[in-house]
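Below is one structure; the comments refer to it alone.
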Amino acid sequence: MTALLIVLVVLLAIALVALATTHLQYRRRRPTKLPTAAAGRILFPFMAGALSQRALDAALRLARAEGATLVPVFLARVSMHLPIDTPLPRQSEVALSLQEAIEQRATAWGIPVDARIERGRTYRHALRQTVEHERYDRIVLAAAARGYHGFGADDVAWLLNNAAGEIVVLRPAADTTIEPPAPRTRRAPAPAPALEPSKV
């Protein structure tokens with residue numbers, strides 16, 4: 001009887017060890033849940049008269065897929081003979097109009113927008129200022145193509161060599177651009193009505 005009990009105890013111990021080993025191997029093999037990435041920021045630099053609808057849609061698709069914020073940056077060029085902080089009413093009007101169009105399109109996609117305006121002596125200078133001052137994870141921009149004045153090959157090469165993060169360059173084969181509004185013509189003020197002499 002004692003020998004039988006010893007055999008049963010030994011078999012039970014072996015079964016417990018085998019069960020524990022199998023359970024540990026299963027836990028090691030089971031995929032762990034990856035931590036959710038924090039929402040990122042996608043820079044979308046553009047210039048007046050060169051807002052590519054296809055590049056914007058590509059940036060919006062990426063932002064929606066990643067739960068990221070779109071950061072459209074209007075690059076304003078300031079002439080060398082002017083101070084860098086000179087008011088630029090015409091460019092400001094264009095920037096606000098184009099950024100409003102971007103925000104409307106992004107809202108339809110359910111994407112948050114954090115719009116910016118960056119000044120520079122050239123577009124590349126403004127682009128340099130942008131990558132130095134802004135927090136971002138990825139840059140999406142439109143390269144110049146036939147019939148579309150986007151970023152030139154030199155600017156794209158500079159960006160690839162100097163900017164951190166991921167860079168997506170889109171050169172549309174055919175593109176439709178979101179145009180800035182036509183300049184407003186100022187009307188001459190209407191002549192003031194003649195004042196009648198007061199009756200005494």
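Residue numbering restarts at 1 in every chain; chains get A, B, ... in the order shown in the structure tokens, and ligands count up from 1 in that same order.
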I'd like the contact shell of Glu134 in chain A - 12 Å cut-off, only C-alpha atoms, skipping same-chain residues fewer than 6 positions apart - returned as number ranges by chain. A: 41-45, 71-73, 114-118, 126-128, 163-165
Hey, can you spit out that residue selection with all heavy atoms as a short mmCIF file (atom, residue, chain, number, x, y, z; two decimals), in the first residue's frame?
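Output file again-v1.cif is given in full below:
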```cif
data_model
loop_
_atom_site.label_atom_id
_atom_site.label_comp_id
_atom_site.auth_asym_id
_atom_site.auth_seq_id
_atom_site.Cartn_x
_atom_site.Cartn_y
_atom_site.Cartn_z
N ARG A 41 2.23 64.22 -34.93
CA ARG A 41 1.98 65.47 -35.66
C ARG A 41 2.61 65.34 -37.04
O ARG A 41 3.77 64.97 -37.17
CB ARG A 41 2.59 66.65 -34.90
CG ARG A 41 1.85 66.96 -33.60
CD ARG A 41 2.64 67.90 -32.73
NE ARG A 41 2.86 69.20 -33.33
CZ ARG A 41 1.97 70.21 -33.26
NH1 ARG A 41 0.83 70.04 -32.63
NH2 ARG A 41 2.24 71.37 -33.81
N ILE A 42 1.81 65.67 -38.05
CA ILE A 42 2.27 65.59 -39.43
C ILE A 42 2.36 67.00 -39.99
O ILE A 42 1.36 67.70 -40.10
CB ILE A 42 1.31 64.74 -40.28
CG1 ILE A 42 1.31 63.29 -39.77
CG2 ILE A 42 1.71 64.79 -41.75
CD1 ILE A 42 0.36 62.38 -40.49
N LEU A 43 3.59 67.43 -40.30
CA LEU A 43 3.81 68.74 -40.91
C LEU A 43 3.41 68.69 -42.38
O LEU A 43 3.78 67.75 -43.09
CB LEU A 43 5.28 69.15 -40.83
CG LEU A 43 5.81 69.80 -39.56
CD1 LEU A 43 7.24 70.26 -39.80
CD2 LEU A 43 4.95 70.95 -39.10
N PHE A 44 2.70 69.72 -42.81
CA PHE A 44 2.32 69.81 -44.23
C PHE A 44 2.65 71.22 -44.71
O PHE A 44 1.82 72.11 -44.70
CB PHE A 44 0.83 69.50 -44.39
CG PHE A 44 0.37 69.57 -45.82
CD1 PHE A 44 0.82 68.63 -46.74
CD2 PHE A 44 -0.49 70.56 -46.24
CE1 PHE A 44 0.41 68.70 -48.06
CE2 PHE A 44 -0.90 70.63 -47.56
CZ PHE A 44 -0.47 69.70 -48.48
N PRO A 45 3.93 71.47 -45.11
CA PRO A 45 4.30 72.81 -45.59
C PRO A 45 3.77 73.05 -47.00
O PRO A 45 3.76 72.14 -47.84
CB PRO A 45 5.83 72.78 -45.56
CG PRO A 45 6.19 71.34 -45.62
CD PRO A 45 5.05 70.55 -45.07
N VAL A 71 -0.53 69.52 -39.23
CA VAL A 71 0.03 70.85 -38.97
C VAL A 71 0.35 71.50 -40.31
O VAL A 71 1.47 71.39 -40.81
CB VAL A 71 1.30 70.77 -38.08
CG1 VAL A 71 1.78 72.16 -37.71
CG2 VAL A 71 1.03 69.94 -36.83
N PRO A 72 -0.65 72.15 -40.94
CA PRO A 72 -0.36 72.84 -42.20
C PRO A 72 0.43 74.12 -41.93
O PRO A 72 0.05 74.92 -41.07
CB PRO A 72 -1.76 73.15 -42.77
CG PRO A 72 -2.66 73.16 -41.59
CD PRO A 72 -2.05 72.27 -40.55
N VAL A 73 1.54 74.28 -42.64
CA VAL A 73 2.41 75.44 -42.42
C VAL A 73 2.51 76.22 -43.72
O VAL A 73 3.07 75.74 -44.70
CB VAL A 73 3.82 75.01 -41.96
CG1 VAL A 73 4.68 76.24 -41.68
CG2 VAL A 73 3.75 74.13 -40.73
N ASP A 114 -3.66 72.05 -36.52
CA ASP A 114 -2.94 73.08 -35.77
C ASP A 114 -2.16 73.90 -36.79
O ASP A 114 -0.99 73.63 -37.06
CB ASP A 114 -2.02 72.41 -34.74
CG ASP A 114 -1.34 73.42 -33.83
OD1 ASP A 114 -1.75 74.60 -33.83
OD2 ASP A 114 -0.40 73.03 -33.12
N ALA A 115 -2.81 74.91 -37.38
CA ALA A 115 -2.24 75.65 -38.51
C ALA A 115 -1.16 76.63 -38.04
O ALA A 115 -1.21 77.15 -36.93
CB ALA A 115 -3.34 76.39 -39.25
N ARG A 116 -0.21 76.88 -38.95
CA ARG A 116 0.93 77.75 -38.66
C ARG A 116 1.25 78.62 -39.89
O ARG A 116 0.91 78.26 -41.02
CB ARG A 116 2.18 76.93 -38.34
CG ARG A 116 2.08 76.08 -37.10
CD ARG A 116 2.36 76.95 -35.88
NE ARG A 116 2.54 76.15 -34.69
CZ ARG A 116 1.57 75.89 -33.83
NH1 ARG A 116 0.36 76.33 -34.04
NH2 ARG A 116 1.81 75.17 -32.74
N ILE A 117 1.94 79.73 -39.64
CA ILE A 117 2.54 80.54 -40.70
C ILE A 117 4.00 80.73 -40.32
O ILE A 117 4.30 81.09 -39.19
CB ILE A 117 1.84 81.90 -40.85
CG1 ILE A 117 0.38 81.73 -41.28
CG2 ILE A 117 2.58 82.78 -41.86
CD1 ILE A 117 -0.40 83.02 -41.35
N GLU A 118 4.91 80.46 -41.26
CA GLU A 118 6.35 80.62 -41.00
C GLU A 118 6.94 81.55 -42.05
O GLU A 118 6.69 81.39 -43.24
CB GLU A 118 7.04 79.26 -41.04
CG GLU A 118 8.47 79.28 -40.56
CD GLU A 118 8.59 79.64 -39.08
OE1 GLU A 118 8.11 78.87 -38.23
OE2 GLU A 118 9.19 80.70 -38.78
N ALA A 126 12.24 79.52 -44.88
CA ALA A 126 11.02 79.32 -44.08
C ALA A 126 10.86 77.85 -43.70
O ALA A 126 10.43 77.53 -42.58
CB ALA A 126 9.81 79.80 -44.87
N LEU A 127 11.24 76.96 -44.61
CA LEU A 127 11.17 75.53 -44.31
C LEU A 127 12.15 75.16 -43.20
O LEU A 127 11.83 74.39 -42.30
CB LEU A 127 11.49 74.75 -45.59
CG LEU A 127 11.08 73.30 -45.70
CD1 LEU A 127 9.59 73.12 -45.45
CD2 LEU A 127 11.45 72.75 -47.07
N ARG A 128 13.35 75.75 -43.24
CA ARG A 128 14.34 75.51 -42.20
C ARG A 128 13.83 75.99 -40.85
O ARG A 128 13.97 75.30 -39.84
CB ARG A 128 15.65 76.22 -42.54
CG ARG A 128 16.74 75.99 -41.50
CD ARG A 128 17.99 76.83 -41.75
NE ARG A 128 18.59 76.52 -43.02
CZ ARG A 128 18.82 77.40 -43.98
NH1 ARG A 128 18.49 78.67 -43.81
NH2 ARG A 128 19.38 77.04 -45.11
N ALA A 163 16.34 67.42 -42.25
CA ALA A 163 15.18 67.31 -41.35
C ALA A 163 15.14 65.95 -40.69
O ALA A 163 15.51 64.93 -41.28
CB ALA A 163 13.90 67.55 -42.13
N ALA A 164 14.69 65.94 -39.44
CA ALA A 164 14.53 64.68 -38.71
C ALA A 164 13.17 64.07 -39.04
O ALA A 164 12.33 64.69 -39.68
CB ALA A 164 14.64 64.95 -37.21
N GLY A 165 12.95 62.85 -38.57
CA GLY A 165 11.66 62.20 -38.75
C GLY A 165 11.48 61.65 -40.15
O GLY A 165 12.38 61.68 -40.99
#
```
Could you pull the residues within 12 Å of range 81-92 of chain A, counting only C-alpha atoms, minus those fewer than 4 positions along the same chain, as a list in words?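 Selected residues are Met47, Ala48, Gly49, Phe74, Leu75, Ala76, Arg77, Leu96, Ser97, Leu98, Gln99, Arg116, Ile117, Glu118, Arg119, Gly120, Arg121, Thr122, His125, Ala126, Pro180, Pro181, Ala182, Pro183 and Arg184 of chain A.
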Measuring atom to atom with only C-alpha atoms, identify which of A:Leu62, A:Ile14, A:Leu70, A:Leu56 is nearest to Arg135 in chain A.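 Ranked by minimum distance to Arg135 in chain A, first place goes to A:Leu70.
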Distance query range 102-106 of chain A at most 7 Å, only C-alpha atoms, self and fewer than 6 positions along chain excluded, as an NGL selection string: :A and (60 or 112-113)
Would you output that residue set with N, CA and C atoms, as a PDB file, in the first residue's frame?
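The new file out-v4.pdb reads:
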```pdb
ATOM      1  N   LEU A  60      -3.829  63.820 -45.127  1.00  0.00           N
ATOM      2  CA  LEU A  60      -5.035  63.559 -44.335  1.00  0.00           C
ATOM      3  C   LEU A  60      -5.247  62.059 -44.127  1.00  0.00           C
ATOM      4  N   PRO A 112      -7.849  66.598 -36.343  1.00  0.00           N
ATOM      5  CA  PRO A 112      -7.529  67.899 -35.734  1.00  0.00           C
ATOM      6  C   PRO A 112      -6.440  68.618 -36.518  1.00  0.00           C
ATOM      7  N   VAL A 113      -6.521  69.948 -36.511  1.00  0.00           N
ATOM      8  CA  VAL A 113      -5.589  70.788 -37.273  1.00  0.00           C
ATOM      9  C   VAL A 113      -4.963  71.820 -36.346  1.00  0.00           C
TER      10      VAL A 113
END
```
Using only C-alpha atoms, which residues sit within 7 Å of Ile111 in chain A once same-chain residues fewer than 3 positions away are excluded, as a ChimeraX atom specification? /A:63-64,69,106-107
Got time to write the residues from that selection, N, CA and C atoms, as a short mmCIF file (atom, residue, chain, number, x, y, z; two decimals), in the first residue's frame?
```
data_model
loop_
_atom_site.label_atom_id
_atom_site.label_comp_id
_atom_site.auth_asym_id
_atom_site.auth_seq_id
_atom_site.Cartn_x
_atom_site.Cartn_y
_atom_site.Cartn_z
N ALA A 63 -2.80 61.02 -41.47
CA ALA A 63 -3.22 61.53 -40.15
C ALA A 63 -4.39 60.72 -39.60
N ARG A 64 -5.33 60.37 -40.47
CA ARG A 64 -6.48 59.59 -40.00
C ARG A 64 -6.06 58.18 -39.60
N THR A 69 -2.34 64.70 -35.58
CA THR A 69 -2.78 66.07 -35.85
C THR A 69 -2.07 66.56 -37.10
N ALA A 106 -10.13 68.83 -43.48
CA ALA A 106 -9.70 67.98 -42.36
C ALA A 106 -10.87 67.68 -41.42
N THR A 107 -11.74 68.66 -41.19
CA THR A 107 -12.90 68.45 -40.33
C THR A 107 -13.80 67.37 -40.91
#
```
Excluding same-chain residues fewer than 4 positions from Arg171 in chain A, what lies within 7 Å of it counting only C-alpha atoms, as a list of chain:residue names?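 Surrounding residues, per the criterion: A:Ala142, A:Ala143, A:Ala144, A:Ala145.
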Can you spit out the residues from that selection as a PDB file, in the first residue's frame, using N, CA and C atoms?
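The resulting file, part.pdb, is shown below:
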```
ATOM      1  N   ALA A 142       4.534  68.348 -51.287  1.00  0.00           N
ATOM      2  CA  ALA A 142       4.369  68.125 -52.726  1.00  0.00           C
ATOM      3  C   ALA A 142       5.579  68.658 -53.471  1.00  0.00           C
ATOM      4  N   ALA A 143       6.161  67.805 -54.308  1.00  0.00           N
ATOM      5  CA  ALA A 143       7.293  68.231 -55.139  1.00  0.00           C
ATOM      6  C   ALA A 143       6.764  68.895 -56.400  1.00  0.00           C
ATOM      7  N   ALA A 144       7.611  69.723 -57.006  1.00  0.00           N
ATOM      8  CA  ALA A 144       7.235  70.395 -58.247  1.00  0.00           C
ATOM      9  C   ALA A 144       7.045  69.360 -59.346  1.00  0.00           C
ATOM     10  N   ALA A 145       6.042  69.594 -60.167  1.00  0.00           N
ATOM     11  CA  ALA A 145       5.782  68.734 -61.319  1.00  0.00           C
ATOM     12  C   ALA A 145       5.346  69.623 -62.467  1.00  0.00           C
TER      13      ALA A 145
END
```
Mind pulling up the distance from CA of Leu159 in chain A to CA of Met80 in chain A?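 Distance reported for this atom pair: 22.5 Å.
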Among range 33-182 of chain A, which ones does DSSP assign to alpha helix (DSSP H) (computed from the backbone)? Answer as a PyMOL selection string. chain A and resi 53-66+89-109+123-133+153-162
Which residues in range 40-73 of chain A does DSSP call strand (DSSP E)? List them as an NGL selection string. :A and (41-46 or 51-52 or 69-73)
Have a look at A:Glu93, A:Asp137, A:Glu100, A:Glu132 and name the one nearest to Glu66 in chain A; count only C-alpha atoms.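 So, comparing all the options, the nearest one is A:Asp137.
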Distance in Å - CA of Val78 in chain A versus CA of Ala101 in chain A: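 Interatomic distance here is 23.5 Å.
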